[in-house]
Amino acid sequence: MRGGNGPVRRQSLVGLALPALQGACGWPGSDQVAAAVRCVARPQAPPPLAAPLPAVWRTHSMPGVGYSIELPDNWDGVALGTDNQEARLAAAAQRSPALGDTLRNLVGEGSLITYGHPAYLAISTEGGRLDVGLALGARYAISCAGAPLVDARSSADNPGQIRQTHFPAGDARVLTYEDRSQVDRVSEPYTNWLFALGAPGGQDLLLLFSSYRPAAQAAWPVVWAAMTSLRRAPPADVNGLDPQPACLFPDPAARELSAASRSPCAVPLGRRLAESDCGPAPADPDRTMDATIVPRGGGDGTPASGGTLSSGCVFGMPAASAVWLGAGPQGADLVAYVDLRFPPTGRPIASIDMRQHGGQALSATITLGGALALTEYGVGGVPATSLSETVVAPESRVHRLVLSAVGSTLRAWLDGAETVAPVHTHVVQPGTAGIYLTTEDRGSNIFTVLAAAVYAAG
């Protein structure tokens, strides 16, 4: 499968991670020594530089290893070795149609962890992959922390690197290495991160993340955030279906993922109803939001034209117009978000609008200066009722606006801060939802949208 940032890794051309380590550092019970490795002091693996993280993460239960992990919403996965494998694959295909066939094929090919007990496999629409399993002696095998690894999968010019670090789930050895994999008869380059942690029962928990090499820099903050979310999980029904509950993090840094003491999800989500194709490749291409240029004075819209960058969509907006990312009719109890960068000039505004059936509408609008207003519109768009207004100091160049409308209760967040206490609206009937971008001075401008989506409230 090819996602927005490359193909999902298949079996490696040069062997798998753990057998390669046996020849490098030795394995319990083997007489091999670290002939190709010079053990030095154990440096700490540094966390990645701060970067906006995906807004929506889902909890993946891994009953075979007794842990759970959070992965972005454009990932899906299945537990391996269960009696209801087919039902789990069918559930994944329903959640994430773009991943269903590829996930089924990869499960058939087998895990990249061939030593020990493979337990979980997940993939993303961007070509990412995660293999999880249990093995004896894995931490011993990568005990030469800080050593350049020179073996069949590395070279002196491009060595692997072994480090150690600490996550809430425990201390971990981290091996970073690069290799190549055959995908559609083409040799593709990959960057891999193998984490080994002590697990109950004397075994080691292995998590192997793989990323298409050109996308590795962008993938690393997501990998790190996923590892900080790893937790021991209560005993689960191995043959049950993993519900993968979803949570929206209003904070672009998603600090709650690494919190030592987890609070209940602030914005629980139900089904994914629509998503833009500006961010990661959509998990459900049939539910992509339409981008339209609409005249401010009324009239028919035209498809929005503009460039698509690796970091989002760039929309050129003519004067006296607006960009509308529409999700269509979606119901009454909704949660929507948008990640965007404002243009540096003009008087740009961005809003989430929903429940527009019959002319009534709700709007959460932000400006370049950080002002946020919740507004209720009557039939025909007038009169406007201001429900609340506030100013939030922006934390970054990437802004995340979230609007939740459940029953008559409205909640809004800007850059991680809930702006006001929940307020109540008279607009409660089902309707459409979408993202509206324009300028107060009606001038032309350019907006960058990194991601946007609409969900049923959880």
# chains A, B, ... in the order shown; residues from 1 in each chain; ligands from 1

call {"tool": "select_by_dssp", "arguments": {"residues": "region 96-278 of chain A", "states": "alpha helix (DSSP H)", "output": "MDAnalysis selection string"}}
result
chainID A and resid 97:109 138:141 216:229

call {"tool": "residues_around", "arguments": {"residues": "Gly116 (chain A)", "least_positions_apart": "3", "cutoff": "10 Å", "atoms": "only C-alpha atoms", "output": "PyMOL selection string"}}
result
chain A and resi 18+113+119+133-138+203-206

call {"tool": "residues_around", "arguments": {"residues": "Glu86 (chain A)", "least_positions_apart": "4", "cutoff": "9 Å", "atoms": "only C-alpha atoms", "output": "list in words"}}
result
Ala90, Ala91 and Arg104 of chain A

call {"tool": "residues_around", "arguments": {"residues": "Thr302 (chain A)", "least_positions_apart": "4", "cutoff": "9 Å", "atoms": "only C-alpha atoms", "output": "ChimeraX atom specification"}}
result
/A:291-294

call {"tool": "closest_residue", "arguments": {"among": "A:Pro250, A:Pro97, A:Pro344, A:Gly6", "to": "Ser211 (chain A)", "atoms": "only C-alpha atoms"}}
result
A:Gly6

call {"tool": "closest_residue", "arguments": {"among": "A:Gly170, A:Gly240, A:Gly108, A:Pro118", "to": "Leu207 (chain A)", "atoms": "only C-alpha atoms"}}
result
A:Pro118

call {"tool": "atom_distance", "arguments": {"atom1": "CA of Ser111 (chain A)", "atom2": "CA of Ala55 (chain A)"}}
result
28.5 Å

call {"tool": "residues_around", "arguments": {"residues": "Ser351 (chain A)", "least_positions_apart": "6", "cutoff": "6 Å", "atoms": "only C-alpha atoms", "output": "VMD selection string"}}
result
chain A and resid 364 to 365 435 to 436

call {"tool": "residues_around", "arguments": {"residues": "Ala361 (chain A)", "least_positions_apart": "5", "cutoff": "7 Å", "atoms": "only C-alpha atoms", "output": "PyMOL selection string"}}
result
chain A and resi 353-356+376-378+427

call {"tool": "write_last_selection", "arguments": {"atoms": "N, CA and C atoms", "output": "CSV table (one decimal), in the first residue's frame"}}
result
chain,number,residue,atom,x,y,z
A,353,ASP,N,-18.0,25.8,11.6
A,353,ASP,CA,-19.5,26.0,11.5
A,353,ASP,C,-20.2,24.6,11.5
A,354,MET,N,-21.3,24.5,12.2
A,354,MET,CA,-22.1,23.3,12.1
A,354,MET,C,-23.5,23.6,12.4
A,355,ARG,N,-24.4,22.5,12.2
A,355,ARG,CA,-25.8,22.6,12.4
A,355,ARG,C,-26.4,23.7,11.6
A,356,GLN,N,-26.3,23.7,10.3
A,356,GLN,CA,-26.8,24.8,9.5
A,356,GLN,C,-28.1,24.5,8.8
A,376,GLU,N,-24.1,32.2,17.7
A,376,GLU,CA,-25.3,31.5,17.3
A,376,GLU,C,-26.1,32.3,16.2
A,377,TYR,N,-26.4,31.7,15.1
A,377,TYR,CA,-27.1,32.5,14.0
A,377,TYR,C,-28.5,31.9,13.9
A,378,GLY,N,-29.4,32.8,13.7
A,378,GLY,CA,-30.8,32.4,13.5
A,378,GLY,C,-31.1,32.1,12.1
A,427,VAL,N,-29.7,26.2,19.0
A,427,VAL,CA,-29.5,25.5,17.7
A,427,VAL,C,-29.2,24.1,18.0

call {"tool": "select_by_dssp", "arguments": {"residues": "region 63-257 of chain A", "states": "strand (DSSP E)", "output": "VMD selection string"}}
result
chain A and resid 67 to 72 75 to 79 117 to 124 129 to 135 148 to 149 160 to 167 170 to 183 186 to 198 204 to 212 231 to 232 246 to 248

call {"tool": "atom_distance", "arguments": {"atom1": "CA of Val402 (chain A)", "atom2": "CA of Gly458 (chain A)"}}
result
14.5 Å

call {"tool": "residues_around", "arguments": {"residues": "Ser61 (chain A)", "least_positions_apart": "6", "cutoff": "10 Å", "atoms": "only C-alpha atoms", "output": "PyMOL selection string"}}
result
chain A and resi 67-70+77-79+120+231-238+241-245

call {"tool": "atom_distance", "arguments": {"atom1": "CA of Arg163 (chain A)", "atom2": "CA of Pro72 (chain A)"}}
result
25.2 Å
